[in-house]
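Worksheet: the structure to be examined is printed underneath.
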Amino acid sequence: MSKSWFRPVEAGPWAAARQAGLIMAFVAALDFMIVAISINPPAQVAVAIADTIVAAVAWFGPWRRWAPQWQLVLAAPIIAIITYATLAFDGLAAGTGPYFVLLHAWVGLNFSRWVAWALAPVTAVCYAGSLLSVEQSAETVANAVTIVVAALLVGLLIATQIDAQRRDRDRIAKAERWRAALSATLAHDLRSPLATMQLAVELVRGEDDTMSPTERARLLDNVLRQVDRVNRLAASLLDMERIDANGSLRLDLEQVRLANVLYEAVELVGSAGIAVDVDPALSIEVDRERLLQMLVNLLANARRHGQPPVVVRVEQVPGWVSIEVRDHGPGVADAVRGSLFGRFAAVDADGSVGLGLWIVDQLARAHHGRVRYEPAEPGARLVLMLPTRQPGRVTG
């Protein structure tokens, strides 16, 4: 048999139905094989046919059209078949009880614990009721209840393990996304300072006697600032310990004068054509390096894609700080607004990939904030919203 037949029993949105189909097909085959020795052959054939129908519906049904939770409806015909078999075979607990255990195992494997709890009374009533209907002894009914309790425990144990494994997978996936994001951020944010340093070094190396000592000192100071920025980026972004146990980015939070960081970002990008309106006393609880990254990327985006002047306006509202960066260029085309903050949202003619705004969005989310685009006439307006204090503060 091809391995592809077993793939549906693996994890996936519609795996539950395929698992039920495979189980019911196996049960139907067993039912057909024991018809000759059954105490009620017509009922055995009827049960086998019903099993086959449920298996076909579970396997070939259009489950992809509906939400995964709809697969739970398969429990209803399965319970009905088991109940009928209990009645038809005079309440032979050994014949039908294990199927209730199998049913709860299937539920625990594919659905939450509350589903297993909700299913237990239904199976108890159906099983015990069918036994009472065929006048089974109180001892047999008590044994049936014990089987249902065991089935519930099996379902709960499986559901608990599956939930734990799912959380572990989510944490690992989240951590890997952040590690990839940090690597991409480092590669992206190094472009600008490296280009600045290369230009300054080339100017100094190729200088003639017309460059004044003041101009040379200014260029070298700029190189030193960019070198310092590269060192801080590398030290912070390549520290994998910044991914915590929950797969989230660990922030080194502190109270920061927003104006100081903003003017540093302006200096790194180049102050020509940038106007800043900020209260010098305004402070905010952030990771300073991450805030600097966000501001540099917002300013660089405005400089690259817009036109001067670039106006930065900071306002404080209760519990939040709004940082607005507006340029006076052509704005953002309608076709790309929906993916503006996506990774690799665009590729420029010079080869620059669309990572800057994605980085801003990711770092804003890590600070429990957000960034949004607003059209301006003329130009584009990007608004970064950050809480003045971080909920559930975690310091580095």
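Chain lettering (A, B, ...) mirrors the order of the structure tokens, residue numbering begins at 1 for each chain separately, and ligand numbering begins at 1 in order of display.
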| task | Determine, counting only C-alpha atoms, which protein, DNA and RNA residues have an atom within 8 Å of an atom of Ala85 (chain A); residues of the same chain fewer than 3 positions away are not included. Present the result as JSON, numbers by chain. | result | {"A": [43, 44, 47, 81, 82, 88, 89, 96]}
| field | Polymer residues at most 12 Å from Gly97 (chain A), only C-alpha atoms, same-chain spacing of 5 or more positions, as JSON, numbers by chain | value | {"A": [79, 82, 83, 85, 86, 91, 92, 102, 103, 104, 123, 124, 126, 127, 128, 130, 131, 140, 141, 143, 144, 145, 146, 147, 148, 149, 150, 151]}
| Spatial neighbours of region 290-303 of chain A, max dist 9 Å, only C-alpha atoms, sep filter under 4 positions, as a VMD selection string | chain A and resid 189 192 233 251 to 252 258 261 to 262 264 to 266 268 to 269 273 to 274 286 307 to 310 312 323 325 to 329 356 to 357 359 to 361 363 to 364 380 to 382 384
Saved selection, atoms kept: N, CA, C and O atoms, as a compact mmCIF listing (two decimals), in the first residue's frame:
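Written out: again_12.txt:
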```txt
# COMPACT_ATOMS: atom_id res chain seq x y z
N ASP A 189 19.62 46.43 8.03
CA ASP A 189 20.04 47.66 8.70
C ASP A 189 21.52 47.96 8.55
O ASP A 189 21.97 49.07 8.86
N SER A 192 22.72 50.71 5.17
CA SER A 192 22.88 52.16 5.21
C SER A 192 24.19 52.60 5.87
O SER A 192 24.94 53.40 5.29
N LEU A 233 24.22 47.02 16.56
CA LEU A 233 23.28 46.14 15.84
C LEU A 233 23.72 44.69 15.92
O LEU A 233 22.94 43.79 16.22
N LEU A 251 13.08 42.13 25.33
CA LEU A 251 13.41 43.55 25.20
C LEU A 251 14.16 44.04 26.43
O LEU A 251 13.84 43.67 27.56
N ASP A 252 15.16 44.90 26.21
CA ASP A 252 15.88 45.55 27.30
C ASP A 252 15.19 46.89 27.56
O ASP A 252 15.56 47.93 27.01
N LEU A 258 12.54 60.39 24.49
CA LEU A 258 12.25 60.13 23.09
C LEU A 258 12.99 61.08 22.16
O LEU A 258 13.45 60.70 21.08
N VAL A 261 16.62 59.93 21.27
CA VAL A 261 16.69 58.83 20.30
C VAL A 261 16.28 59.32 18.91
O VAL A 261 16.88 58.94 17.90
N LEU A 262 15.27 60.16 18.86
CA LEU A 262 14.79 60.66 17.58
C LEU A 262 15.86 61.49 16.88
O LEU A 262 16.10 61.32 15.67
N GLU A 264 19.04 61.27 17.33
CA GLU A 264 20.11 60.36 16.92
C GLU A 264 19.76 59.67 15.62
O GLU A 264 20.61 59.51 14.73
N ALA A 265 18.50 59.25 15.48
CA ALA A 265 18.06 58.62 14.24
C ALA A 265 18.16 59.58 13.06
O ALA A 265 18.59 59.21 11.96
N VAL A 266 17.78 60.84 13.28
CA VAL A 266 17.88 61.85 12.23
C VAL A 266 19.32 62.04 11.81
O VAL A 266 19.65 62.14 10.61
N LEU A 268 21.73 59.86 12.00
CA LEU A 268 22.21 58.67 11.28
C LEU A 268 21.70 58.64 9.85
O LEU A 268 22.41 58.22 8.93
N VAL A 269 20.47 59.08 9.64
CA VAL A 269 19.89 59.08 8.30
C VAL A 269 20.42 60.26 7.48
O VAL A 269 20.61 60.16 6.27
N GLY A 273 16.62 68.24 5.20
CA GLY A 273 15.24 68.08 4.76
C GLY A 273 14.33 67.42 5.77
O GLY A 273 13.20 67.04 5.44
N ILE A 274 14.76 67.25 7.02
CA ILE A 274 13.95 66.61 8.06
C ILE A 274 13.66 67.64 9.15
O ILE A 274 14.58 68.25 9.69
N VAL A 286 10.87 51.76 26.61
CA VAL A 286 11.12 50.98 25.41
C VAL A 286 12.49 50.32 25.51
O VAL A 286 13.27 50.59 26.42
N GLN A 307 9.50 62.63 -0.82
CA GLN A 307 10.21 63.84 -1.17
C GLN A 307 10.23 64.76 0.04
O GLN A 307 9.33 64.72 0.88
N PRO A 308 11.25 65.61 0.14
CA PRO A 308 11.30 66.53 1.28
C PRO A 308 10.21 67.61 1.14
O PRO A 308 9.71 67.84 0.03
N PRO A 309 9.86 68.22 2.26
CA PRO A 309 10.42 67.96 3.59
C PRO A 309 9.81 66.74 4.24
O PRO A 309 8.66 66.39 3.97
N VAL A 310 10.59 66.07 5.11
CA VAL A 310 10.10 64.99 5.94
C VAL A 310 9.83 65.58 7.32
O VAL A 310 10.73 66.15 7.93
N VAL A 312 8.55 65.07 11.19
CA VAL A 312 8.32 64.12 12.28
C VAL A 312 7.61 64.86 13.41
O VAL A 312 8.12 65.85 13.93
N ILE A 323 4.11 58.66 17.03
CA ILE A 323 5.24 59.20 16.28
C ILE A 323 4.86 59.18 14.81
O ILE A 323 4.77 58.12 14.20
N VAL A 325 5.58 60.17 10.92
CA VAL A 325 6.62 60.51 9.95
C VAL A 325 5.93 60.73 8.61
O VAL A 325 5.38 59.79 8.03
N ARG A 326 5.98 61.97 8.14
CA ARG A 326 5.29 62.31 6.89
C ARG A 326 6.27 62.86 5.87
O ARG A 326 7.13 63.68 6.19
N ASP A 327 6.14 62.37 4.63
CA ASP A 327 6.91 62.95 3.54
C ASP A 327 5.95 63.67 2.59
O ASP A 327 4.73 63.65 2.79
N HIS A 328 6.48 64.31 1.58
CA HIS A 328 5.67 65.06 0.62
C HIS A 328 5.89 64.54 -0.79
O HIS A 328 5.94 65.31 -1.75
N GLY A 329 6.01 63.21 -0.89
CA GLY A 329 6.19 62.57 -2.18
C GLY A 329 4.87 62.14 -2.80
O GLY A 329 3.80 62.66 -2.46
N GLY A 356 12.23 47.14 5.47
CA GLY A 356 12.26 48.19 6.48
C GLY A 356 10.98 48.34 7.25
O GLY A 356 10.98 48.35 8.49
N LEU A 357 9.85 48.45 6.55
CA LEU A 357 8.58 48.64 7.24
C LEU A 357 8.13 47.36 7.93
O LEU A 357 7.44 47.41 8.95
N ILE A 359 10.19 45.33 9.40
CA ILE A 359 10.95 45.35 10.64
C ILE A 359 10.28 46.27 11.65
O ILE A 359 10.15 45.93 12.84
N VAL A 360 9.85 47.45 11.21
CA VAL A 360 9.16 48.39 12.10
C VAL A 360 7.90 47.73 12.67
O VAL A 360 7.63 47.82 13.89
N ASP A 361 7.15 47.05 11.83
CA ASP A 361 5.91 46.41 12.28
C ASP A 361 6.20 45.34 13.32
O ASP A 361 5.53 45.25 14.36
N LEU A 363 8.88 44.99 15.31
CA LEU A 363 9.39 45.55 16.56
C LEU A 363 8.30 46.32 17.31
O LEU A 363 8.29 46.33 18.55
N ALA A 364 7.40 46.95 16.57
CA ALA A 364 6.27 47.62 17.23
C ALA A 364 5.40 46.61 17.95
O ALA A 364 4.97 46.83 19.09
N ALA A 380 2.90 60.63 2.07
CA ALA A 380 2.47 59.49 2.87
C ALA A 380 2.77 59.79 4.33
O ALA A 380 3.72 60.51 4.66
N ARG A 381 1.95 59.22 5.20
CA ARG A 381 2.11 59.41 6.64
C ARG A 381 2.15 58.03 7.30
O ARG A 381 1.21 57.24 7.15
N LEU A 382 3.25 57.75 8.00
CA LEU A 382 3.38 56.51 8.76
C LEU A 382 3.33 56.88 10.24
O LEU A 382 4.08 57.75 10.70
N LEU A 384 3.58 55.53 14.08
CA LEU A 384 4.03 54.49 15.02
C LEU A 384 3.41 54.79 16.38
O LEU A 384 3.62 55.86 16.94
```
| query | So what do you get for CA of Arg337 (chain A) versus CA of Glu377 (chain A), distance-wise? | reply |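 Here the two named atoms are 15.9 Å from each other.
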| Could you state the separation of CA of Leu253 (chain A) and CA of Arg370 (chain A) in Å, given to one decimal place? | 17.3 Å
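Considering only C-alpha atoms, the residue among A:Phe111, A:Trp66, A:Phe60, A:Tyr373 positioned nearest to Ile158 (chain A) is A:Phe111.
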| Members of region 265-317 of chain A assigned helix (DSSP H, G or I) by DSSP, as a list in words |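 Put together, the selection reads Ala265, Val266, Glu267, Leu268, Val269, Arg288, Glu289, Arg290, Leu291, Leu292, Gln293, Met294, Leu295, Val296, Asn297, Leu298, Leu299, Ala300, Asn301, Ala302, Arg303, Arg304 and His305 of chain A.
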Residues from last step as file, C-alpha atoms, as a JSON list (two decimals), in the first residue's frame:
```json
[["chain", "number", "residue", "atom", "x", "y", "z"],
["A", 265, "ALA", "CA", 18.06, 58.62, 14.24],
["A", 266, "VAL", "CA", 17.88, 61.85, 12.23],
["A", 267, "GLU", "CA", 21.64, 62.24, 12.46],
["A", 268, "LEU", "CA", 22.21, 58.67, 11.28],
["A", 269, "VAL", "CA", 19.89, 59.08, 8.30],
["A", 288, "ARG", "CA", 16.29, 51.92, 23.17],
["A", 289, "GLU", "CA", 18.09, 50.08, 20.38],
["A", 290, "ARG", "CA", 14.84, 48.71, 18.99],
["A", 291, "LEU", "CA", 13.27, 52.18, 19.06],
["A", 292, "LEU", "CA", 16.28, 53.57, 17.21],
["A", 293, "GLN", "CA", 15.88, 50.83, 14.59],
["A", 294, "MET", "CA", 12.23, 51.68, 14.08],
["A", 295, "LEU", "CA", 12.89, 55.41, 13.75],
["A", 296, "VAL", "CA", 15.82, 54.95, 11.38],
["A", 297, "ASN", "CA", 13.75, 52.68, 9.13],
["A", 298, "LEU", "CA", 10.79, 55.07, 9.11],
["A", 299, "LEU", "CA", 13.00, 58.03, 8.27],
["A", 300, "ALA", "CA", 14.99, 56.11, 5.66],
["A", 301, "ASN", "CA", 11.75, 54.96, 4.06],
["A", 302, "ALA", "CA", 10.48, 58.55, 3.86],
["A", 303, "ARG", "CA", 13.77, 59.74, 2.38],
["A", 304, "ARG", "CA", 13.98, 56.90, -0.14],
["A", 305, "HIS", "CA", 10.38, 56.77, -1.37]]
```
